[in-house]
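Colleague: Structure supplied as protein-v2.cif; contents: mmCIF, C-alpha atoms.
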```cif
data_protein
loop_
_atom_site.label_atom_id
_atom_site.label_comp_id
_atom_site.auth_asym_id
_atom_site.auth_seq_id
_atom_site.Cartn_x
_atom_site.Cartn_y
_atom_site.Cartn_z
CA MET A 1 105.98 81.23 88.38
CA THR A 2 107.79 83.49 85.90
CA ASP A 3 110.38 82.08 83.55
CA GLY A 4 113.86 83.42 83.88
CA TRP A 5 113.62 84.81 87.39
CA ASP A 6 116.61 84.33 89.61
CA ASP A 7 118.12 81.61 87.52
CA ALA A 8 121.46 82.30 89.14
CA GLU A 9 120.02 81.75 92.56
CA SER A 10 118.85 78.30 91.72
CA LEU A 11 122.44 77.35 90.93
CA VAL A 12 124.46 79.39 93.40
CA PRO A 13 123.35 79.87 96.98
CA LEU A 14 122.47 83.45 97.83
CA TYR A 15 125.17 83.75 100.50
CA VAL A 16 127.87 83.03 97.92
CA GLN A 17 126.60 85.76 95.65
CA VAL A 18 126.41 88.57 98.13
CA LYS A 19 129.59 88.44 100.17
CA GLY A 20 128.44 85.77 102.51
CA ARG A 21 125.23 87.56 103.34
CA ALA A 22 121.78 86.07 103.15
CA LEU A 23 120.03 88.93 104.92
CA PRO A 24 120.55 92.69 105.17
CA ARG A 25 122.38 94.00 108.25
CA ALA A 26 120.34 93.67 111.40
CA GLN A 27 120.00 97.43 111.74
CA SER A 28 118.87 97.81 108.15
CA THR A 29 115.37 99.19 107.79
CA LEU A 30 115.16 99.01 104.01
CA ASP A 31 111.56 98.95 102.90
CA ILE A 32 110.22 97.77 99.56
CA SER A 33 109.61 101.47 98.78
CA THR A 34 112.91 102.87 100.09
CA GLN A 35 114.68 104.83 97.37
CA VAL A 36 118.42 104.89 96.78
CA LEU A 37 120.73 106.93 94.54
CA ALA A 38 124.20 106.18 93.16
CA MET A 39 127.03 108.20 94.70
CA PRO A 40 129.91 109.45 92.55
CA MET A 41 132.16 106.39 92.80
CA ASP A 42 134.07 104.21 90.38
CA PRO A 43 131.92 101.11 89.84
CA SER A 44 134.50 99.27 87.77
CA ARG A 45 135.50 97.03 90.68
CA LEU A 46 131.93 95.91 91.33
CA GLU A 47 130.66 92.48 90.37
CA PRO A 48 128.52 92.67 87.20
CA GLU A 49 125.19 92.50 88.98
CA ALA A 50 126.19 95.03 91.63
CA ARG A 51 127.39 97.27 88.85
CA ARG A 52 124.08 96.98 87.02
CA LEU A 53 122.32 97.90 90.23
CA TYR A 54 124.62 100.88 90.76
CA GLU A 55 124.04 102.10 87.20
CA LEU A 56 120.26 101.76 87.58
CA CYS A 57 120.50 104.19 90.47
CA TYR A 58 121.79 107.18 88.53
CA ARG A 59 118.20 108.23 89.16
CA TRP A 60 116.41 107.57 92.44
CA GLN A 61 115.07 104.02 92.43
CA SER A 62 113.13 102.08 95.00
CA VAL A 63 114.05 98.61 96.19
CA ALA A 64 110.93 97.35 94.36
CA GLU A 65 111.99 98.96 91.07
CA ILE A 66 115.53 97.61 91.34
CA SER A 67 114.14 94.16 92.08
CA ALA A 68 111.88 94.31 89.01
CA HIS A 69 114.65 95.56 86.69
CA LEU A 70 117.28 93.10 87.91
CA ARG A 71 114.76 90.27 88.17
CA ARG A 72 115.91 89.46 91.66
CA THR A 73 113.65 88.68 94.55
CA LEU A 74 112.94 91.46 97.04
CA THR A 75 115.00 89.92 99.81
CA SER A 76 118.08 89.34 97.67
CA THR A 77 117.72 92.87 96.24
CA LYS A 78 117.70 94.29 99.77
CA VAL A 79 120.89 92.40 100.59
CA LEU A 80 122.68 93.75 97.54
CA VAL A 81 121.41 97.31 98.13
CA ASP A 82 122.49 97.08 101.75
CA VAL A 83 126.01 95.99 100.80
CA LEU A 84 126.33 98.88 98.34
CA LEU A 85 125.01 101.32 100.94
CA GLU A 86 127.54 100.08 103.45
CA GLU A 87 130.36 100.47 100.93
CA GLY A 88 129.25 103.97 100.03
CA TYR A 89 128.22 103.31 96.44
CA LEU A 90 124.64 104.25 97.20
CA THR A 91 122.93 106.77 99.40
CA VAL A 92 119.46 106.39 100.82
CA GLY A 93 116.49 108.75 101.00
CA ALA A 94 114.14 108.46 103.95
CA GLU A 95 114.41 104.80 104.94
CA ARG A 96 110.85 104.43 106.08
CA PRO A 97 107.84 105.35 103.98
CA MET A 98 106.19 108.54 105.21
CA GLU A 99 102.73 108.77 106.66
CA GLN A 100 102.74 112.12 108.43
CA ARG A 101 100.12 114.78 107.93
CA GLU A 102 102.38 117.10 105.97
CA THR A 103 103.39 114.34 103.55
CA LEU A 104 99.80 113.16 103.14
CA GLN A 105 98.74 116.70 102.34
CA LEU A 106 101.46 116.85 99.67
CA VAL A 107 100.25 113.55 98.22
CA LEU A 108 96.63 114.71 98.23
CA ASP A 109 97.52 117.95 96.43
CA GLY A 110 99.67 116.00 93.98
CA LEU A 111 96.87 113.58 93.16
CA LEU A 112 94.34 116.36 92.72
CA ASN A 113 96.68 118.06 90.27
CA LEU A 114 97.30 114.95 88.18
CA MET B 1 114.95 114.61 101.79
CA HIS B 2 113.89 112.09 99.18
CA ARG B 3 110.77 110.35 100.43
CA SER B 4 108.49 107.58 99.33
CA VAL B 5 104.86 106.96 100.19
CA LYS B 6 103.01 103.67 99.79
CA ILE B 7 99.41 102.83 99.07
CA VAL B 8 98.30 99.20 99.02
CA ILE B 9 95.82 98.05 96.38
CA ALA B 10 94.10 94.98 97.78
CA GLY B 11 91.06 92.87 97.08
CA GLY B 12 90.36 89.32 96.09
CA PHE B 13 91.64 87.52 93.04
CA GLY B 14 90.43 89.12 89.80
CA THR B 15 88.98 92.28 91.32
CA GLY B 16 91.06 94.59 89.11
CA LYS B 17 94.06 95.49 91.30
CA THR B 18 96.62 95.51 88.51
CA THR B 19 94.14 97.33 86.26
CA LEU B 20 93.80 100.12 88.81
CA VAL B 21 97.57 100.37 89.33
CA GLY B 22 98.06 100.53 85.56
CA SER B 23 95.41 103.18 84.97
CA VAL B 24 97.02 105.77 87.28
CA SER B 25 100.69 104.80 87.27
CA GLU B 26 103.09 106.97 85.28
CA ILE B 27 105.06 103.85 84.32
CA GLU B 28 103.89 100.52 82.95
CA PRO B 29 103.26 98.45 86.07
CA LEU B 30 106.34 96.51 87.09
CA THR B 31 106.40 93.09 88.70
CA THR B 32 108.58 92.06 91.56
CA GLU B 33 108.78 88.70 93.22
CA GLU B 34 109.53 87.29 96.59
CA THR B 35 110.49 83.75 97.34
CA LEU B 36 108.87 82.28 100.36
CA THR B 37 110.75 79.53 102.09
CA SER B 38 108.98 77.11 104.33
CA ALA B 39 110.09 79.27 107.25
CA SER B 40 108.24 82.30 105.95
CA VAL B 41 104.95 80.48 105.62
CA GLY B 42 105.23 79.00 109.06
CA ILE B 43 105.90 75.40 108.21
CA ASP B 44 108.37 73.90 110.63
CA ASP B 45 108.46 70.39 109.32
CA LEU B 46 112.09 69.90 108.42
CA ALA B 47 111.75 66.31 107.37
CA GLY B 48 112.12 65.86 103.65
CA VAL B 49 113.03 68.25 100.90
CA GLU B 50 109.46 68.55 99.70
CA SER B 51 108.42 70.73 102.62
CA LYS B 52 111.29 73.11 101.97
CA ARG B 53 110.41 73.78 98.37
CA ASN B 54 110.20 77.51 97.72
CA THR B 55 107.05 79.28 96.66
CA THR B 56 107.23 82.42 94.60
CA VAL B 57 104.73 85.25 94.89
CA ALA B 58 104.53 88.06 92.38
CA LEU B 59 103.36 91.58 93.05
CA ASP B 60 102.65 94.37 90.61
CA PHE B 61 103.31 97.99 91.36
CA GLY B 62 103.28 101.42 89.81
CA ARG B 63 104.51 104.88 90.69
CA ILE B 64 103.28 108.46 90.68
CA THR B 65 105.74 111.31 91.09
CA ILE B 66 104.19 113.79 93.52
CA THR B 67 107.01 116.34 93.77
CA ASP B 68 110.72 116.34 92.96
CA ASP B 69 111.41 114.47 96.15
CA VAL B 70 108.18 112.62 96.96
CA VAL B 71 107.16 109.50 95.03
CA LEU B 72 103.98 107.53 95.63
CA TYR B 73 104.17 103.79 95.04
CA LEU B 74 101.05 101.71 94.48
CA PHE B 75 101.49 98.07 95.41
CA GLY B 76 98.99 95.43 94.41
CA THR B 77 98.73 92.56 96.86
CA PRO B 78 99.49 89.08 95.53
CA GLY B 79 96.53 87.18 94.13
CA GLN B 80 96.75 84.56 96.83
CA ASP B 81 95.41 85.71 100.17
CA ARG B 82 97.52 83.49 102.32
CA PHE B 83 100.89 85.21 102.00
CA TRP B 84 100.30 87.56 104.88
CA PHE B 85 103.93 88.37 105.45
CA ILE B 86 103.99 90.11 102.07
CA TRP B 87 100.91 92.07 103.12
CA ASP B 88 102.76 93.07 106.28
CA GLU B 89 105.72 94.33 104.25
CA LEU B 90 103.45 96.28 101.91
CA SER B 91 101.39 97.77 104.74
CA ARG B 92 104.25 98.82 107.00
CA GLY B 93 104.25 102.60 106.97
CA ALA B 94 101.66 102.75 104.18
CA VAL B 95 99.18 105.61 103.92
CA GLY B 96 96.48 102.98 103.71
CA ALA B 97 94.75 100.67 101.30
CA ILE B 98 92.09 100.53 98.64
CA VAL B 99 90.15 97.28 98.83
CA LEU B 100 88.66 96.56 95.43
CA VAL B 101 85.34 94.78 95.42
CA ASP B 102 83.64 92.75 92.71
CA THR B 103 79.97 92.68 93.67
CA ARG B 104 79.47 89.36 91.94
CA ARG B 105 81.97 87.86 94.35
CA LEU B 106 81.90 90.00 97.47
CA ALA B 107 83.42 87.24 99.56
CA THR B 108 86.73 87.39 97.69
CA SER B 109 87.44 90.80 99.23
CA PHE B 110 86.48 89.83 102.73
CA ALA B 111 89.96 88.75 103.81
CA ALA B 112 91.39 92.11 102.75
CA VAL B 113 88.74 94.08 104.66
CA ASP B 114 89.41 91.96 107.71
CA TYR B 115 93.18 92.38 107.42
CA PHE B 116 93.15 96.19 107.38
CA GLU B 117 90.34 96.48 109.92
CA ARG B 118 92.18 94.34 112.47
CA ARG B 119 95.39 96.32 112.10
CA GLY B 120 93.75 99.73 112.21
CA ILE B 121 95.16 100.61 108.78
CA PRO B 122 93.02 103.24 106.99
CA PHE B 123 91.27 101.84 103.94
CA VAL B 124 88.43 102.55 101.56
CA ALA B 125 86.33 99.92 99.86
CA ALA B 126 86.01 100.56 96.13
CA VAL B 127 83.33 98.73 94.15
CA ASN B 128 84.79 98.14 90.71
CA ARG B 129 82.08 98.98 88.18
CA PHE B 130 83.97 97.23 85.44
CA PHE B 131 81.91 94.18 86.22
CA GLY B 132 78.66 95.90 85.30
CA GLU B 133 75.96 97.69 87.21
CA CYS B 134 76.04 96.88 90.86
CA PRO B 135 72.83 95.12 91.81
CA TYR B 136 73.20 96.14 95.46
CA THR B 137 72.67 99.37 97.33
CA GLU B 138 75.44 100.92 99.36
CA PRO B 139 73.99 99.70 102.68
CA GLU B 140 73.76 96.20 101.26
CA VAL B 141 77.40 96.21 100.18
CA ARG B 142 78.44 97.66 103.53
CA GLU B 143 76.55 95.02 105.40
CA ALA B 144 77.87 92.19 103.25
CA LEU B 145 81.47 93.32 103.77
CA GLU B 146 80.83 94.21 107.43
CA LEU B 147 82.34 97.65 106.87
CA GLY B 148 82.61 99.93 109.86
CA PRO B 149 80.53 103.12 109.63
CA ASP B 150 83.66 105.28 109.24
CA VAL B 151 85.04 103.29 106.27
CA PRO B 152 84.40 105.16 103.01
CA LEU B 153 82.75 103.19 100.22
CA VAL B 154 83.34 104.46 96.69
CA TRP B 155 82.28 103.31 93.24
CA CYS B 156 85.00 103.25 90.65
CA ASP B 157 86.02 101.91 87.27
CA ALA B 158 89.56 100.63 87.71
CA ARG B 159 90.22 101.02 83.97
CA ASP B 160 89.54 104.73 84.14
CA ARG B 161 92.39 106.95 85.26
CA GLU B 162 90.18 109.70 86.67
CA SER B 163 88.02 107.22 88.54
CA SER B 164 91.03 105.42 90.02
CA LYS B 165 92.52 108.77 90.96
CA GLN B 166 89.33 109.68 92.84
CA ALA B 167 89.53 106.46 94.84
CA LEU B 168 93.13 107.33 95.80
CA VAL B 169 92.08 110.86 96.72
CA ARG B 170 89.31 109.50 98.94
CA LEU B 171 91.78 107.21 100.69
CA VAL B 172 94.30 109.97 101.39
CA GLN B 173 91.50 112.24 102.68
CA HIS B 174 90.33 109.43 104.93
CA ALA B 175 93.87 108.80 106.21
CA LEU B 176 94.33 112.53 106.86
CA SER B 177 91.06 112.70 108.78
CA ARG B 178 92.38 110.07 111.19
CA ILE B 179 95.52 112.00 112.09
CA PRO B 180 94.86 114.36 114.98
CA ALA B 181 95.42 118.00 114.02
CA VAL B 182 98.52 119.56 115.54
CA ALA B 183 97.51 122.00 118.25
#
```
Will you turn the file into structure tokens for me?

Modeller:
Amino acid sequence: MTDGWDDAESLVPLYVQVKGRALPRAQSTLDISTQVLAMPMDPSRLEPEARRLYELCYRWQSVAEISAHLRRTLTSTKVLVDVLLEEGYLTVGAERPMEQRETLQLVLDGLLNL
Amino acid sequence: MHRSVKIVIAGGFGTGKTTLVGSVSEIEPLTTEETLTSASVGIDDLAGVESKRNTTVALDFGRITITDDVVLYLFGTPGQDRFWFIWDELSRGAVGAIVLVDTRRLATSFAAVDYFERRGIPFVAAVNRFFGECPYTEPEVREALELGPDVPLVWCDARDRESSKQALVRLVQHALSRIPAVA
């Protein structure tokens, strides 16, 4: 559909790229909107793409934003994020998007003040 | 705790979803993609490579920073209605949805109305005025879309930031009204 997306994936199977993983860990609840942040670690040992991901996350970034910037599909982005979470390179905010009253009230106030 | 909130921007093809996302987002809308294998679209015919060819769907999204630790993401649904598993991912935990409506082609938004109605996800229908004056009255639009009496119907211009913002405000108010007050 879009030129240049996931070129690497068409040549190398996903499981080879991400440490033998094709899916996030079973207990992973990463959502498209889950935000992650880089932890103070030395990224020099990371593979280039993992390192790019890590460096993107010097500010909070959602899985969707990382996917867009790295031009990786959502699923393969989740796998890579999950690996970096497991290895301690990233930390996660609230895993699930929030829908409680208190959060909705914050969102409503925020929108009204835009 | 750093938190994210999702709102789904739905509606048929060409109803202005990306326009609405772009008019209120603080960033240029970004595009992400998902590859659907035959398994994800429910095809279980394993004979032949043809049936296993991947399909790619693109979705556009934007963001609005609400506070230092709360970010609202606006996700436009893919143009094609049939990729429901993407809709499920977008809707999981979402505040709700805005279903954009083009009154010249009401039927294109019908699938979206049906999707959110069936799942009990709060949504508002937003008639996009971009397409010119609406020739129908509110009751006519409601009837054509088979909207429940509690579903808000708003008129908006997806190109206009203030107008798009009002549609989002109406949705969040509607979602709030459905949460029982804490005693």

Colleague: Mind listing as a list of chain:residue names which residues of chain A are within 6 Å of chain B, counting only C-alpha atoms?

Modeller: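 Contact residues on the first chain: A:Ser67, A:Ala68, A:Thr73, A:Leu74, A:Gly93, A:Ala94, A:Pro97, A:Met98, A:Glu99, A:Gly110.
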
Colleague: Take the selection from the previous step and output its residues with C-alpha atoms, as a PDB file, in the frame of the given file.

Modeller:
```
ATOM      1  CA  SER A  67     114.140  94.160  92.080  1.00  0.00           C
ATOM      2  CA  ALA A  68     111.880  94.310  89.010  1.00  0.00           C
ATOM      3  CA  THR A  73     113.650  88.680  94.550  1.00  0.00           C
ATOM      4  CA  LEU A  74     112.940  91.460  97.040  1.00  0.00           C
ATOM      5  CA  GLY A  93     116.490 108.750 101.000  1.00  0.00           C
ATOM      6  CA  ALA A  94     114.140 108.460 103.950  1.00  0.00           C
ATOM      7  CA  PRO A  97     107.840 105.350 103.980  1.00  0.00           C
ATOM      8  CA  MET A  98     106.190 108.540 105.210  1.00  0.00           C
ATOM      9  CA  GLU A  99     102.730 108.770 106.660  1.00  0.00           C
ATOM     10  CA  GLY A 110      99.670 116.000  93.980  1.00  0.00           C
TER      11      GLY A 110
END
```

Colleague: Can you work out which one of B:Leu100, B:Leu147, B:Leu106, B:Val113 has the shortest atom-to-atom distance to Ala167 of chain B, counting all atoms listed in the file?

Modeller: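 The shortest atom-to-atom distance to Ala167 of chain B comes from B:Leu100.
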
Colleague: Go ahead and fit an axis-aligned box to every listed atom of segment 99-104 of chain A plus 8 Å each side, and pass me the centre and edge lengths in Å, one decimal, as AutoDock Vina command-line options.

Modeller:
```
--center_x 101.6 --center_y 112.9 --center_z 105.8 --size_x 19.6 --size_y 24.3 --size_z 21.3
```

Colleague: Could you tell me which residues the PyMOL selection byres ((chain A and resi 34) around 7) returns for this structure, as a compact mmCIF listing (two decimals) with C-alpha atoms, keeping the file's coordinate frame?

Modeller:
```txt
# COMPACT_ATOMS: atom_id res chain seq x y z
CA LEU A 30 115.16 99.01 104.01
CA ASP A 31 111.56 98.95 102.90
CA ILE A 32 110.22 97.77 99.56
CA SER A 33 109.61 101.47 98.78
CA GLN A 35 114.68 104.83 97.37
CA VAL A 36 118.42 104.89 96.78
CA SER A 62 113.13 102.08 95.00
CA VAL A 63 114.05 98.61 96.19
CA GLY A 93 116.49 108.75 101.00
CA ALA A 94 114.14 108.46 103.95
CA GLU A 95 114.41 104.80 104.94
CA ARG A 96 110.85 104.43 106.08
CA PRO A 97 107.84 105.35 103.98
CA SER B 4 108.49 107.58 99.33
```

Colleague: Atom CA of Leu85 of chain A to atom CA of Leu104 of chain A: how many Å, to one decimal?

Modeller: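 Pair atom CA of Leu85 of chain A / atom CA of Leu104 of chain A returns 27.9 Å.
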
Colleague: Take the PyMOL selection byres ((chain A and resi 90) around 10), apply it to the structure above, and return the hits as a ChimeraX atom specification.

Modeller: /A:35-41,53-54,57-58,81-89,91-92

Colleague: In Å, how far is it from atom CA of Phe85 of chain B to atom CA of Tyr115 of chain B?

Modeller: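 According to the coordinates, atom CA of Phe85 of chain B and atom CA of Tyr115 of chain B are separated by 11.6 Å.
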
Colleague: I need the residue nearest Arg118 of chain B from this list: B:Pro78, B:Gly148, B:Gly22, B:Gly11. Use all atoms listed in the file for the distance.

Modeller: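 Counting all atoms listed in the file, the residue closest to Arg118 of chain B is B:Gly148.
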
Colleague: How far is it from atom CA of Glu47 of chain A to atom CA of Thr75 of chain A, in Å with one decimal?

Modeller: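 Separating atom CA of Glu47 of chain A from atom CA of Thr75 of chain A is a distance of 18.5 Å.
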
Colleague: Rank B:Val151, B:Ala107, B:Ala158, B:Ala112 by their smallest atom-to-atom distance to Val127 of chain B, using only C-alpha atoms, and report the top residue only.

Modeller: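 Using only C-alpha atoms, Val127 of chain B sits closest to B:Ala158.
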